[in-house]
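With compact mmCIF, C-alpha atoms and all ligand atoms inside, this is final-v1.txt:
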# COMPACT_ATOMS: atom_id res chain seq x y z
CA MET A 17 6.85 -63.62 -61.84
CA ARG A 18 8.96 -66.77 -61.79
CA THR A 19 10.40 -68.04 -58.51
CA VAL A 20 13.29 -70.47 -58.17
CA GLN A 21 14.17 -71.94 -54.79
CA VAL A 22 17.79 -72.66 -53.83
CA ALA A 23 17.45 -75.50 -51.33
CA LEU A 24 20.26 -75.29 -48.79
CA ALA A 25 18.53 -76.06 -45.48
CA GLU A 26 18.77 -72.97 -43.21
CA ARG A 27 20.62 -71.09 -45.97
CA SER A 28 17.83 -71.59 -48.53
CA TYR A 29 16.67 -68.59 -50.54
CA ARG A 30 14.51 -67.50 -53.45
CA ILE A 31 15.51 -66.18 -56.86
CA LEU A 32 12.81 -63.96 -58.37
CA VAL A 33 12.78 -63.42 -62.14
CA ALA A 34 10.53 -60.73 -63.71
CA GLY A 35 10.41 -57.18 -65.01
CA GLY A 36 9.89 -54.33 -62.53
CA LEU A 37 11.56 -56.01 -59.56
CA LEU A 38 13.83 -53.10 -58.65
CA ALA A 39 10.77 -51.14 -57.54
CA ARG A 40 9.88 -54.06 -55.27
CA LEU A 41 13.34 -54.36 -53.66
CA GLY A 42 12.21 -52.73 -50.39
CA GLN A 43 9.09 -54.83 -49.95
CA GLU A 44 10.94 -58.07 -50.78
CA CYS A 45 13.72 -57.18 -48.30
CA ALA A 46 11.07 -56.43 -45.66
CA ARG A 47 9.91 -60.05 -45.92
CA LEU A 48 13.39 -61.19 -44.81
CA LYS A 49 13.05 -59.58 -41.37
CA LEU A 50 16.45 -57.92 -41.40
CA GLY A 51 17.64 -54.74 -39.64
CA ARG A 52 16.58 -51.26 -40.77
CA ARG A 53 20.05 -50.06 -41.74
CA CYS A 54 21.55 -51.37 -44.94
CA ALA A 55 24.12 -50.51 -47.61
CA VAL A 56 23.62 -50.56 -51.35
CA ILE A 57 26.95 -51.26 -53.04
CA THR A 58 27.00 -50.32 -56.71
CA ASP A 59 29.53 -49.05 -59.23
CA ALA A 60 30.09 -45.82 -61.12
CA ARG A 61 28.41 -47.20 -64.27
CA VAL A 62 25.33 -48.89 -62.78
CA GLY A 63 24.79 -46.38 -59.96
CA PRO A 64 23.63 -43.49 -62.16
CA LEU A 65 21.18 -45.82 -63.95
CA HIS A 66 19.58 -47.77 -61.12
CA ALA A 67 20.71 -46.67 -57.63
CA ALA A 68 17.98 -44.04 -57.22
CA ALA A 69 15.22 -46.62 -57.83
CA ALA A 70 16.83 -49.08 -55.39
CA MET A 71 17.31 -46.43 -52.67
CA GLU A 72 13.77 -45.10 -53.13
CA SER A 73 12.25 -48.56 -52.86
CA LEU A 74 14.23 -49.36 -49.71
CA LYS A 75 13.30 -46.03 -48.08
CA GLU A 76 9.62 -46.50 -48.92
CA ALA A 77 9.71 -49.85 -47.14
CA GLY A 78 11.14 -48.18 -44.01
CA PHE A 79 14.85 -48.97 -44.44
CA GLU A 80 17.73 -46.54 -43.94
CA PRO A 81 20.03 -47.27 -46.87
CA LEU A 82 23.59 -46.03 -47.29
CA LEU A 83 24.84 -45.77 -50.87
CA VAL A 84 28.42 -46.93 -51.51
CA THR A 85 29.68 -46.40 -55.07
CA VAL A 86 32.86 -48.20 -56.12
CA PRO A 87 34.82 -47.76 -59.38
CA ALA A 88 33.44 -49.63 -62.40
CA GLY A 89 35.41 -52.63 -63.67
CA GLU A 90 37.49 -55.54 -62.41
CA THR A 91 39.86 -53.26 -60.42
CA ALA A 92 37.07 -52.79 -57.85
CA LYS A 93 37.57 -56.41 -56.78
CA SER A 94 40.52 -55.47 -54.56
CA LEU A 95 41.29 -55.51 -50.85
CA LYS A 96 41.69 -51.73 -51.02
CA VAL A 97 38.07 -51.28 -52.16
CA VAL A 98 36.94 -53.86 -49.58
CA ALA A 99 38.61 -51.76 -46.86
CA SER A 100 36.88 -48.61 -48.13
CA CYS A 101 33.51 -50.37 -47.85
CA TYR A 102 34.28 -51.51 -44.27
CA ASP A 103 35.15 -47.90 -43.39
CA ALA A 104 31.88 -46.60 -44.85
CA PHE A 105 29.92 -49.29 -42.99
CA ALA A 106 31.61 -48.56 -39.67
CA LYS A 107 31.05 -44.81 -40.09
CA ALA A 108 27.33 -45.42 -40.75
CA ARG A 109 27.26 -47.82 -37.77
CA LEU A 110 26.01 -50.84 -39.68
CA GLU A 111 25.33 -53.67 -37.26
CA ARG A 112 25.07 -57.45 -37.41
CA LYS A 113 21.41 -57.28 -38.44
CA SER A 114 22.17 -54.71 -41.13
CA PHE A 115 22.40 -56.03 -44.67
CA VAL A 116 24.09 -55.33 -47.97
CA VAL A 117 22.43 -55.01 -51.37
CA ALA A 118 24.75 -55.80 -54.30
CA LEU A 119 23.45 -53.73 -57.24
CA GLY A 120 25.50 -54.42 -60.34
CA GLY A 121 27.19 -57.06 -62.44
CA GLY A 122 29.44 -59.91 -61.37
CA VAL A 123 32.23 -57.68 -60.06
CA VAL A 124 29.89 -55.79 -57.71
CA GLY A 125 28.19 -59.04 -56.61
CA ASP A 126 31.50 -60.73 -55.79
CA LEU A 127 32.88 -57.67 -54.00
CA ALA A 128 29.72 -56.77 -52.05
CA GLY A 129 29.19 -60.43 -51.15
CA PHE A 130 32.74 -60.66 -49.82
CA VAL A 131 32.32 -57.48 -47.79
CA ALA A 132 29.07 -58.92 -46.38
CA ALA A 133 30.74 -62.27 -45.65
CA THR A 134 33.47 -60.64 -43.56
CA TYR A 135 32.13 -57.43 -42.00
CA LEU A 136 31.36 -58.21 -38.32
CA ARG A 137 32.12 -61.87 -39.20
CA GLY A 138 29.28 -61.91 -41.69
CA ILE A 139 26.05 -60.00 -42.30
CA PRO A 140 23.20 -60.86 -44.72
CA PHE A 141 23.20 -59.75 -48.33
CA VAL A 142 20.82 -59.53 -51.26
CA GLN A 143 21.87 -59.83 -54.89
CA VAL A 144 20.34 -57.52 -57.51
CA PRO A 145 22.31 -58.54 -60.63
CA THR A 146 22.12 -56.05 -63.48
CA THR A 147 23.88 -58.03 -66.24
CA LEU A 148 22.55 -61.11 -68.00
CA LEU A 149 25.70 -63.02 -67.08
CA ALA A 150 25.38 -62.17 -63.37
CA GLN A 151 21.66 -63.06 -63.39
CA VAL A 152 22.25 -66.58 -64.68
CA ASP A 153 25.53 -67.33 -62.92
CA SER A 154 27.47 -65.30 -60.38
CA SER A 155 24.54 -63.96 -58.31
CA VAL A 156 23.47 -67.51 -57.45
CA GLY A 157 25.46 -69.97 -55.38
CA GLY A 158 27.33 -67.90 -52.81
CA LYS A 159 30.81 -67.71 -54.31
CA VAL A 160 32.13 -64.29 -53.32
CA GLY A 161 35.62 -62.85 -53.39
CA VAL A 162 38.21 -60.42 -54.65
CA ASN A 163 41.44 -60.56 -56.65
CA LEU A 164 45.08 -60.40 -55.61
CA PRO A 165 47.86 -59.09 -57.86
CA ALA A 166 48.87 -62.78 -58.12
CA GLY A 167 45.53 -63.87 -59.59
CA LYS A 168 41.77 -63.62 -59.87
CA ASN A 169 39.45 -64.63 -57.01
CA LEU A 170 42.32 -65.79 -54.79
CA ILE A 171 40.59 -64.39 -51.67
CA GLY A 172 37.02 -65.45 -51.08
CA ALA A 173 34.31 -67.25 -49.18
CA PHE A 174 31.06 -69.12 -49.64
CA HIS A 175 28.36 -66.76 -48.39
CA GLN A 176 24.87 -67.36 -49.74
CA PRO A 177 22.64 -64.36 -50.46
CA ARG A 178 19.27 -64.16 -48.68
CA LEU A 179 17.48 -63.28 -51.92
CA VAL A 180 18.29 -62.78 -55.60
CA LEU A 181 16.20 -60.31 -57.66
CA CYS A 182 16.67 -60.73 -61.42
CA ASP A 183 14.93 -57.66 -62.85
CA LEU A 184 14.71 -58.24 -66.59
CA ASP A 185 13.95 -54.55 -67.27
CA VAL A 186 17.45 -53.49 -66.20
CA LEU A 187 18.88 -55.58 -69.05
CA GLY A 188 17.44 -52.97 -71.41
CA THR A 189 20.35 -50.63 -70.60
CA LEU A 190 23.05 -53.28 -71.19
CA PRO A 191 25.38 -52.60 -74.13
CA GLU A 192 24.94 -55.21 -76.89
CA ARG A 193 28.36 -56.82 -76.43
CA GLU A 194 27.81 -57.29 -72.71
CA TYR A 195 24.32 -58.68 -73.29
CA ARG A 196 25.64 -61.26 -75.76
CA SER A 197 28.38 -62.23 -73.31
CA GLY A 198 25.62 -63.61 -71.05
CA PHE A 199 24.97 -66.34 -73.60
CA GLY A 200 28.42 -67.76 -72.81
CA GLU A 201 26.91 -69.04 -69.55
CA ILE A 202 23.35 -69.62 -70.82
CA ILE A 203 24.40 -72.02 -73.60
CA LYS A 204 26.67 -73.77 -71.09
CA TYR A 205 23.64 -74.87 -69.04
CA GLY A 206 22.22 -76.61 -72.09
CA ILE A 207 25.48 -78.45 -72.72
CA ILE A 208 26.10 -79.53 -69.13
CA TYR A 209 22.59 -80.32 -67.90
CA ASP A 210 19.67 -79.89 -70.21
CA ALA A 211 19.52 -80.98 -73.85
CA ALA A 212 15.95 -79.62 -74.07
CA LEU A 213 17.18 -76.16 -73.03
CA PHE A 214 19.88 -76.40 -75.70
CA ARG A 215 17.23 -77.22 -78.33
CA ARG A 216 15.08 -74.34 -77.07
CA LEU A 217 18.05 -71.97 -77.46
CA GLU A 218 18.58 -73.25 -81.01
CA ARG A 219 14.94 -72.40 -81.75
CA SER A 220 14.72 -69.05 -79.96
CA MET A 221 18.20 -67.47 -80.24
CA ASP A 222 16.93 -64.74 -82.59
CA ARG A 223 14.11 -63.81 -80.20
CA LEU A 224 16.53 -63.82 -77.27
CA LEU A 225 18.94 -61.54 -79.10
CA ALA A 226 15.99 -59.21 -79.72
CA ARG A 227 15.52 -59.29 -75.89
CA ASP A 228 12.01 -60.78 -76.11
CA PRO A 229 10.77 -60.46 -72.49
CA ALA A 230 8.75 -63.69 -72.29
CA GLU A 231 11.49 -65.88 -73.79
CA LEU A 232 14.15 -64.17 -71.69
CA ALA A 233 12.16 -64.75 -68.49
CA ALA A 234 11.75 -68.46 -69.26
CA VAL A 235 15.42 -68.94 -70.15
CA VAL A 236 16.87 -66.92 -67.23
CA ALA A 237 14.61 -68.81 -64.80
CA ARG A 238 15.62 -72.20 -66.27
CA CYS A 239 19.34 -71.35 -66.02
CA CYS A 240 18.90 -70.22 -62.40
CA ALA A 241 16.97 -73.43 -61.65
CA ILE A 242 19.80 -75.54 -63.06
CA LYS A 243 22.39 -73.64 -61.05
CA ALA A 244 20.20 -73.93 -57.94
CA ASP A 245 19.92 -77.69 -58.49
CA VAL A 246 23.69 -78.12 -58.84
CA VAL A 247 24.53 -75.86 -55.87
CA GLY A 248 21.83 -77.58 -53.78
CA GLN A 249 23.67 -80.87 -54.31
CA ASP A 250 27.22 -79.55 -53.88
CA GLU A 251 27.40 -76.13 -52.25
CA THR A 252 31.18 -75.99 -51.76
CA GLU A 253 32.33 -77.68 -54.98
CA SER A 254 33.55 -80.96 -53.63
CA GLY A 255 32.28 -82.70 -56.77
CA LEU A 256 29.29 -82.01 -59.03
CA ARG A 257 29.53 -78.19 -58.89
CA ALA A 258 32.67 -78.51 -61.03
CA ILE A 259 30.43 -79.10 -64.07
CA LEU A 260 29.63 -75.38 -64.01
CA ASN A 261 33.21 -74.90 -65.19
CA TYR A 262 32.68 -76.48 -68.62
CA GLY A 263 34.95 -74.58 -71.01
CA HIS A 264 36.28 -72.43 -68.16
CA THR A 265 39.75 -74.01 -67.89
CA ILE A 266 40.76 -72.78 -71.33
CA GLY A 267 38.44 -69.74 -71.03
CA HIS A 268 40.03 -68.51 -67.77
CA GLY A 269 43.46 -69.19 -69.28
CA LEU A 270 42.61 -66.99 -72.26
CA GLU A 271 41.37 -64.22 -69.96
CA ALA A 272 44.59 -64.44 -67.92
CA ILE A 273 47.02 -64.30 -70.86
CA SER A 274 45.18 -61.37 -72.37
CA ALA A 275 45.48 -59.53 -69.02
CA TYR A 276 41.69 -59.55 -68.59
CA GLY A 277 41.31 -56.85 -71.23
CA LYS A 278 40.63 -58.42 -74.58
CA TYR A 279 37.75 -60.76 -73.82
CA LEU A 280 34.59 -60.42 -71.78
CA HIS A 281 34.09 -63.52 -69.63
CA GLY A 282 31.30 -64.90 -71.83
CA GLU A 283 33.49 -64.48 -74.91
CA ALA A 284 36.47 -66.31 -73.39
CA ILE A 285 34.33 -69.23 -72.21
CA SER A 286 32.63 -69.42 -75.60
CA ILE A 287 36.00 -70.25 -77.18
CA GLY A 288 36.77 -72.46 -74.17
CA GLN A 289 33.54 -74.44 -74.58
CA VAL A 290 34.04 -74.98 -78.30
CA ALA A 291 37.56 -76.25 -77.52
CA ALA A 292 36.18 -78.42 -74.68
CA SER A 293 33.63 -79.87 -77.10
CA HIS A 294 36.36 -80.85 -79.60
CA LEU A 295 38.25 -82.37 -76.67
CA SER A 296 35.07 -84.17 -75.64
CA ALA A 297 34.76 -85.70 -79.11
CA ARG A 298 38.33 -86.99 -78.90
CA ARG A 299 38.24 -88.24 -75.29
CA LEU A 300 34.61 -89.22 -74.65
CA GLY A 301 33.18 -89.72 -78.13
CA MET A 302 30.90 -86.66 -78.18
CA PRO A 303 29.20 -86.91 -81.60
CA GLU A 304 30.76 -84.60 -84.19
CA ALA A 305 27.24 -83.30 -84.95
CA ASP A 306 26.96 -82.07 -81.33
CA VAL A 307 30.35 -80.34 -81.56
CA GLN A 308 29.06 -78.50 -84.63
CA ARG A 309 25.76 -77.61 -82.89
CA VAL A 310 27.74 -76.11 -79.99
CA ARG A 311 29.96 -74.09 -82.32
CA THR A 312 26.98 -72.86 -84.38
CA LEU A 313 24.94 -71.79 -81.34
CA PHE A 314 27.79 -69.73 -79.88
CA GLU A 315 28.35 -68.17 -83.32
CA ARG A 316 24.65 -67.30 -83.59
CA ALA A 317 24.87 -65.60 -80.18
CA GLY A 318 27.60 -63.41 -81.68
CA LEU A 319 30.34 -64.92 -79.54
CA PRO A 320 33.87 -65.79 -80.74
CA VAL A 321 34.58 -69.47 -81.41
CA THR A 322 38.18 -69.30 -82.65
CA VAL A 323 41.46 -67.98 -81.30
CA LYS A 324 44.83 -67.49 -82.95
CA LEU A 325 47.68 -68.30 -80.57
CA GLY A 326 51.40 -68.11 -81.35
CA THR A 327 53.87 -70.53 -79.73
CA ALA A 328 54.68 -68.17 -76.85
CA GLN A 329 50.96 -67.48 -76.19
CA ARG A 330 50.19 -71.20 -76.18
CA LYS A 331 52.97 -71.74 -73.62
CA ALA A 332 51.56 -68.88 -71.52
CA LEU A 333 48.08 -70.41 -71.79
CA PHE A 334 49.28 -73.77 -70.40
CA ALA A 335 51.11 -71.94 -67.58
CA ALA A 336 47.93 -69.97 -66.77
CA MET A 337 45.79 -73.13 -66.81
CA ARG A 338 48.20 -74.75 -64.33
CA LEU A 339 47.83 -71.75 -61.98
CA ASP A 340 44.04 -72.10 -61.91
CA LYS A 341 42.53 -72.69 -58.44
CA LYS A 342 40.96 -75.92 -59.67
CA VAL A 343 44.28 -77.61 -60.43
CA SER A 344 45.02 -80.35 -57.94
CA GLY A 345 48.43 -81.99 -57.52
CA GLY A 346 49.63 -80.06 -60.59
CA GLU A 347 47.11 -81.88 -62.81
CA ILE A 348 44.62 -79.88 -64.88
CA LYS A 349 41.20 -81.54 -64.69
CA PHE A 350 38.61 -80.90 -67.42
CA VAL A 351 34.84 -81.11 -67.58
CA LEU A 352 33.98 -82.99 -70.78
CA ALA A 353 30.73 -83.95 -72.49
CA ARG A 354 29.57 -87.33 -73.83
CA ALA A 355 26.85 -85.44 -75.72
CA VAL A 356 24.91 -82.18 -75.40
CA GLY A 357 23.20 -82.42 -72.00
CA LYS A 358 25.56 -85.03 -70.50
CA VAL A 359 28.91 -84.16 -68.89
CA GLU A 360 31.60 -85.71 -66.70
CA PHE A 361 33.99 -83.87 -64.43
CA GLY A 362 37.51 -84.57 -63.18
CA CYS A 363 38.76 -85.78 -66.58
CA ALA A 364 42.56 -85.87 -66.86
CA VAL A 365 43.64 -84.89 -70.38
CA PRO A 366 47.17 -85.14 -71.83
CA ASP A 367 48.69 -81.84 -73.03
CA GLU A 368 48.90 -83.34 -76.51
CA ASP A 369 45.08 -83.56 -76.68
CA VAL A 370 44.65 -80.02 -75.32
CA ASN A 371 47.01 -78.83 -78.07
CA TRP A 372 44.93 -80.74 -80.61
CA ALA A 373 41.74 -79.03 -79.37
CA LEU A 374 43.46 -75.63 -79.55
CA ASP A 375 44.37 -76.41 -83.18
CA ALA A 376 40.69 -77.24 -83.77
CA VAL A 377 39.66 -73.74 -82.62
CA GLY A 378 42.66 -72.09 -84.30
CA ALA A 379 41.67 -69.22 -86.55
N1 LIG A 401 30.46 -69.90 -61.59
C1 LIG A 401 30.72 -71.22 -61.14
C2 LIG A 401 30.17 -71.51 -59.78
O1 LIG A 401 29.44 -70.71 -59.22
O2 LIG A 401 30.46 -72.54 -59.22
Once more with this new file: its structure as structure tokens, please.
Amino acid sequence: MRTVQVALAERSYRILVAGGLLARLGQECARLKLGRRCAVITDARVGPLHAAAAMESLKEAGFEPLLVTVPAGETAKSLKVVASCYDAFAKARLERKSFVVALGGGVVGDLAGFVAATYLRGIPFVQVPTTLLAQVDSSVGGKVGVNLPAGKNLIGAFHQPRLVLCDLDVLGTLPEREYRSGFGEIIKYGIIYDAALFRRLERSMDRLLARDPAELAAVVARCCAIKADVVGQDETESGLRAILNYGHTIGHGLEAISAYGKYLHGEAISIGQVAASHLSARRLGMPEADVQRVRTLFERAGLPVTVKLGTAQRKALFAAMRLDKKVSGGEIKFVLARAVGKVEFGCAVPDEDVNWALDAVGA
């Protein structure tokens, strides 16, 4: 088993990466010295696959778990679903020492984390991410929240989990497209922080796509360690943490103008990162060879690297990028790379250059 430590003083926690961890959920939670009552929040897709194992493990360790199943998909990240969780918790008399287990992908993690952050002014929670993307990104770092009709993640909090269990066996049930979407974030870590990881991904992409357990364990653990390192230096995104958004400005914009239906997150940020790499070549002199390596690696992961946008869609994309939470004083700030493994954040970029980069990824 691989263990990664997130060092945040009294909010520090461990990320465990291995197969078979779901069966150990109860015994790992017991080490945290929390209350006996807890709630497992899952969704209608993951619940039938993994909730029984989670509940069984918790019961065997002496806990009294309540199962709360929310609808599958982005619509579960709503204040209405949050309220239904509060009601279930109150009815089961969950107390301040009770805890929440988030069993699912990024949507469940964000929702369950937000419920935990706010119920009784905050109770502990444990992340059990069941998608590759959630294992390497959203389950680590404490960003939790829900959507408003006006936009994604507009309500939220920083609430660190007490433990993250990345069970690699649960990835076996992930549909192929969703599995590949995880590489949108995995490749990002190579670009923003670790040229050696990027080279490793170039060597082992075929094995990773075949879900080779040993290679997957090493790569998931390395990505979690990078995220832990960044979050340990800048928990609330006052600076460095922004580098985790490489390719996300355009990526989030694409998700928004396609009404969050067309692209999975990893797909949208794949296009966004290829565009950001072209932009990086123009603004910071990223070598053209690195731009090509980035494009090729995303392509090998089976992710889209081009997008065809008409004039109206391009206008909508700029409007969406300006609505992003990370815009400050009306100015869109980009994360750009000098080379694979070396990025800068807070880069102001003229619209003309963004348009040029969009042409570069034009189909
Ligand atoms: N997913 C970006 C962050 O956690 O900051």
Using all atoms listed in the file, find each residue in chain A having at least one atom no more than 9 Å away from ligand LIG 401 (chain A); report its shortest atom-to-atom pair and that distance in Å (one decimal), rows by chain then rising number, as a Markdown table.
| residue | atom | partner | partner_atom | distance |
| --- | --- | --- | --- | --- |
| A:Asp153 | CA | A:LIG401 | N1 | 5.7 |
| A:Ser154 | CA | A:LIG401 | N1 | 5.6 |
| A:Ser155 | CA | A:LIG401 | O1 | 8.4 |
| A:Val156 | CA | A:LIG401 | O1 | 7.0 |
| A:Gly157 | CA | A:LIG401 | O1 | 5.6 |
| A:Gly158 | CA | A:LIG401 | O1 | 7.3 |
| A:Lys159 | CA | A:LIG401 | O1 | 5.9 |
| A:Glu201 | CA | A:LIG401 | N1 | 8.8 |
| A:Lys243 | CA | A:LIG401 | O1 | 7.9 |
| A:Val246 | CA | A:LIG401 | O2 | 8.8 |
| A:Val247 | CA | A:LIG401 | O2 | 7.6 |
| A:Glu251 | CA | A:LIG401 | O2 | 8.4 |
| A:Thr252 | CA | A:LIG401 | O2 | 8.3 |
| A:Glu253 | CA | A:LIG401 | O2 | 6.9 |
| A:Arg257 | CA | A:LIG401 | O2 | 5.7 |
| A:Ala258 | CA | A:LIG401 | O2 | 6.6 |
| A:Ile259 | CA | A:LIG401 | O2 | 8.2 |
| A:Leu260 | CA | A:LIG401 | C1 | 5.2 |
| A:Asn261 | CA | A:LIG401 | C1 | 6.0 |
All residues 12 Å or closer to Val142 of chain A, only C-alpha atoms, same chain fewer than 4 positions away omitted, as a VMD selection string:
chain A and resid 29 to 32 41 to 42 44 to 46 48 50 54 to 57 70 114 to 120 124 to 126 128 to 129 132 to 133 155 to 156 158 175 to 182
Hey, can you spit out that residue selection with C-alpha atoms as a PDB file, in the coordinates of the input?
ATOM      1  CA  TYR A  29      16.670 -68.590 -50.540  1.00  0.00           C
ATOM      2  CA  ARG A  30      14.510 -67.500 -53.450  1.00  0.00           C
ATOM      3  CA  ILE A  31      15.510 -66.180 -56.860  1.00  0.00           C
ATOM      4  CA  LEU A  32      12.810 -63.960 -58.370  1.00  0.00           C
ATOM      5  CA  LEU A  41      13.340 -54.360 -53.660  1.00  0.00           C
ATOM      6  CA  GLY A  42      12.210 -52.730 -50.390  1.00  0.00           C
ATOM      7  CA  GLU A  44      10.940 -58.070 -50.780  1.00  0.00           C
ATOM      8  CA  CYS A  45      13.720 -57.180 -48.300  1.00  0.00           C
ATOM      9  CA  ALA A  46      11.070 -56.430 -45.660  1.00  0.00           C
ATOM     10  CA  LEU A  48      13.390 -61.190 -44.810  1.00  0.00           C
ATOM     11  CA  LEU A  50      16.450 -57.920 -41.400  1.00  0.00           C
ATOM     12  CA  CYS A  54      21.550 -51.370 -44.940  1.00  0.00           C
ATOM     13  CA  ALA A  55      24.120 -50.510 -47.610  1.00  0.00           C
ATOM     14  CA  VAL A  56      23.620 -50.560 -51.350  1.00  0.00           C
ATOM     15  CA  ILE A  57      26.950 -51.260 -53.040  1.00  0.00           C
ATOM     16  CA  ALA A  70      16.830 -49.080 -55.390  1.00  0.00           C
ATOM     17  CA  SER A 114      22.170 -54.710 -41.130  1.00  0.00           C
ATOM     18  CA  PHE A 115      22.400 -56.030 -44.670  1.00  0.00           C
ATOM     19  CA  VAL A 116      24.090 -55.330 -47.970  1.00  0.00           C
ATOM     20  CA  VAL A 117      22.430 -55.010 -51.370  1.00  0.00           C
ATOM     21  CA  ALA A 118      24.750 -55.800 -54.300  1.00  0.00           C
ATOM     22  CA  LEU A 119      23.450 -53.730 -57.240  1.00  0.00           C
ATOM     23  CA  GLY A 120      25.500 -54.420 -60.340  1.00  0.00           C
ATOM     24  CA  VAL A 124      29.890 -55.790 -57.710  1.00  0.00           C
ATOM     25  CA  GLY A 125      28.190 -59.040 -56.610  1.00  0.00           C
ATOM     26  CA  ASP A 126      31.500 -60.730 -55.790  1.00  0.00           C
ATOM     27  CA  ALA A 128      29.720 -56.770 -52.050  1.00  0.00           C
ATOM     28  CA  GLY A 129      29.190 -60.430 -51.150  1.00  0.00           C
ATOM     29  CA  ALA A 132      29.070 -58.920 -46.380  1.00  0.00           C
ATOM     30  CA  ALA A 133      30.740 -62.270 -45.650  1.00  0.00           C
ATOM     31  CA  SER A 155      24.540 -63.960 -58.310  1.00  0.00           C
ATOM     32  CA  VAL A 156      23.470 -67.510 -57.450  1.00  0.00           C
ATOM     33  CA  GLY A 158      27.330 -67.900 -52.810  1.00  0.00           C
ATOM     34  CA  HIS A 175      28.360 -66.760 -48.390  1.00  0.00           C
ATOM     35  CA  GLN A 176      24.870 -67.360 -49.740  1.00  0.00           C
ATOM     36  CA  PRO A 177      22.640 -64.360 -50.460  1.00  0.00           C
ATOM     37  CA  ARG A 178      19.270 -64.160 -48.680  1.00  0.00           C
ATOM     38  CA  LEU A 179      17.480 -63.280 -51.920  1.00  0.00           C
ATOM     39  CA  VAL A 180      18.290 -62.780 -55.600  1.00  0.00           C
ATOM     40  CA  LEU A 181      16.200 -60.310 -57.660  1.00  0.00           C
ATOM     41  CA  CYS A 182      16.670 -60.730 -61.420  1.00  0.00           C
TER      42      CYS A 182
END
Rank nothing, just name the residue among A:Val33, A:Gly248, A:Val62, A:Tyr205 nearest to Gly89 of chain A, using all atoms listed in the file.
A:Val62
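Taking atom CA of Gly36 of chain A and atom CA of Ala69 of chain A as endpoints, the distance between them is 10.5 Å.
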Provide the atom CA of Tyr279 of chain A to atom CA of Pro165 of chain A distance in Å, to one decimal place.
19.0 Å
Given all atoms listed in the file as the counted atoms, nearest of A:Val236, A:Ala77, A:Leu190, A:Val131 to Leu95 of chain A:
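Selected residue with least distance to Leu95 of chain A: A:Val131.
Relative to atom CA of Arg196 of chain A, atom CA of Gly282 of chain A is found at 7.8 Å.
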Counting only C-alpha atoms, find residues at most 9 Å from (36.2, -61.0, -56.2) (file frame) and give them as a VMD selection string.
chain A and resid 90 92 to 94 122 to 130 159 to 164 168 to 172
Is it possible to get the axis-aligned box enclosing segment 30-39 of chain A (all listed atoms, 6 Å extra per side) as JSON, with centre and edge lengths in Å rounded to one decimal?
{"center_x": 12.7, "center_y": -59.3, "center_z": -59.2, "size_x": 17.6, "size_y": 28.4, "size_z": 23.6}
Can you tell me which residues surround Ala34 of chain A at a distance of at most 12 Å, considering all atoms listed in the file, apart from same-chain residues fewer than 2 positions away, and format the answer as a ChimeraX atom specification?
/A:17-20,31-32,36-40,151,180-187,229-237
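Of the residues under consideration (A:Arg52, A:Val321, A:Ser254, A:Arg223), A:Arg52 shows the shortest atom-to-atom contact distance to Lys75 of chain A when counting only C-alpha atoms.
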Please determine, counting all atoms listed in the file, which residue among A:Ser274, A:Pro191, A:Gly378, A:Phe174 has the shortest atom-to-atom distance to Thr147 of chain A.
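Ranked by minimum distance to Thr147 of chain A, first place goes to A:Pro191.
With distances taken over all atoms listed in the file, A:Gly357 is the one residue among A:Pro140, A:Gly357, A:Gly78, A:Gly63 lying closest to Lys204 of chain A.
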From the set A:Leu319, A:Ala291, A:Glu304, A:Met337, which residue has the shortest atom-to-atom contact distance to Ile273 of chain A, counting all atoms listed in the file?
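Counting all atoms listed in the file, the residue closest to Ile273 of chain A is A:Met337.
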Extract, using all atoms listed in the file, all DNA, RNA and protein residues at most 9 Å from Arg112 of chain A, discarding same-chain residues fewer than 3 positions from it, and format them as a list in words.
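In the requested format, the answer is Gly51, Phe115, Tyr135, Leu136, Arg137, Gly138, Ile139 and Pro140 of chain A.
Near Phe214 of chain A, within 8 Å and counting all atoms listed in the file, sit A:Ile203, A:Tyr205, A:Gly206, A:Ile207, A:Asp210, A:Ala211, A:Ala212, A:Arg216, A:Leu217, A:Glu218, A:Val356, A:Gly357; same-chain residues fewer than 2 positions away were not included.
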Quick one: residues within 12 Å of Asp367 of chain A, all atoms listed in the file counted, chain neighbours fewer than 3 positions away excluded, as an MDAnalysis selection string?
chainID A and resid 295 330:331 333:335 337:338 347:350 364 370:374
File dump, residues just selected, C-alpha atoms, as a PDB file, in the coordinates of the input:
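The result, written out as out.pdb:
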ATOM      1  CA  LEU A 295      38.250 -82.370 -76.670  1.00  0.00           C
ATOM      2  CA  ARG A 330      50.190 -71.200 -76.180  1.00  0.00           C
ATOM      3  CA  LYS A 331      52.970 -71.740 -73.620  1.00  0.00           C
ATOM      4  CA  LEU A 333      48.080 -70.410 -71.790  1.00  0.00           C
ATOM      5  CA  PHE A 334      49.280 -73.770 -70.400  1.00  0.00           C
ATOM      6  CA  ALA A 335      51.110 -71.940 -67.580  1.00  0.00           C
ATOM      7  CA  MET A 337      45.790 -73.130 -66.810  1.00  0.00           C
ATOM      8  CA  ARG A 338      48.200 -74.750 -64.330  1.00  0.00           C
ATOM      9  CA  GLU A 347      47.110 -81.880 -62.810  1.00  0.00           C
ATOM     10  CA  ILE A 348      44.620 -79.880 -64.880  1.00  0.00           C
ATOM     11  CA  LYS A 349      41.200 -81.540 -64.690  1.00  0.00           C
ATOM     12  CA  PHE A 350      38.610 -80.900 -67.420  1.00  0.00           C
ATOM     13  CA  ALA A 364      42.560 -85.870 -66.860  1.00  0.00           C
ATOM     14  CA  VAL A 370      44.650 -80.020 -75.320  1.00  0.00           C
ATOM     15  CA  ASN A 371      47.010 -78.830 -78.070  1.00  0.00           C
ATOM     16  CA  TRP A 372      44.930 -80.740 -80.610  1.00  0.00           C
ATOM     17  CA  ALA A 373      41.740 -79.030 -79.370  1.00  0.00           C
ATOM     18  CA  LEU A 374      43.460 -75.630 -79.550  1.00  0.00           C
TER      19      LEU A 374
END
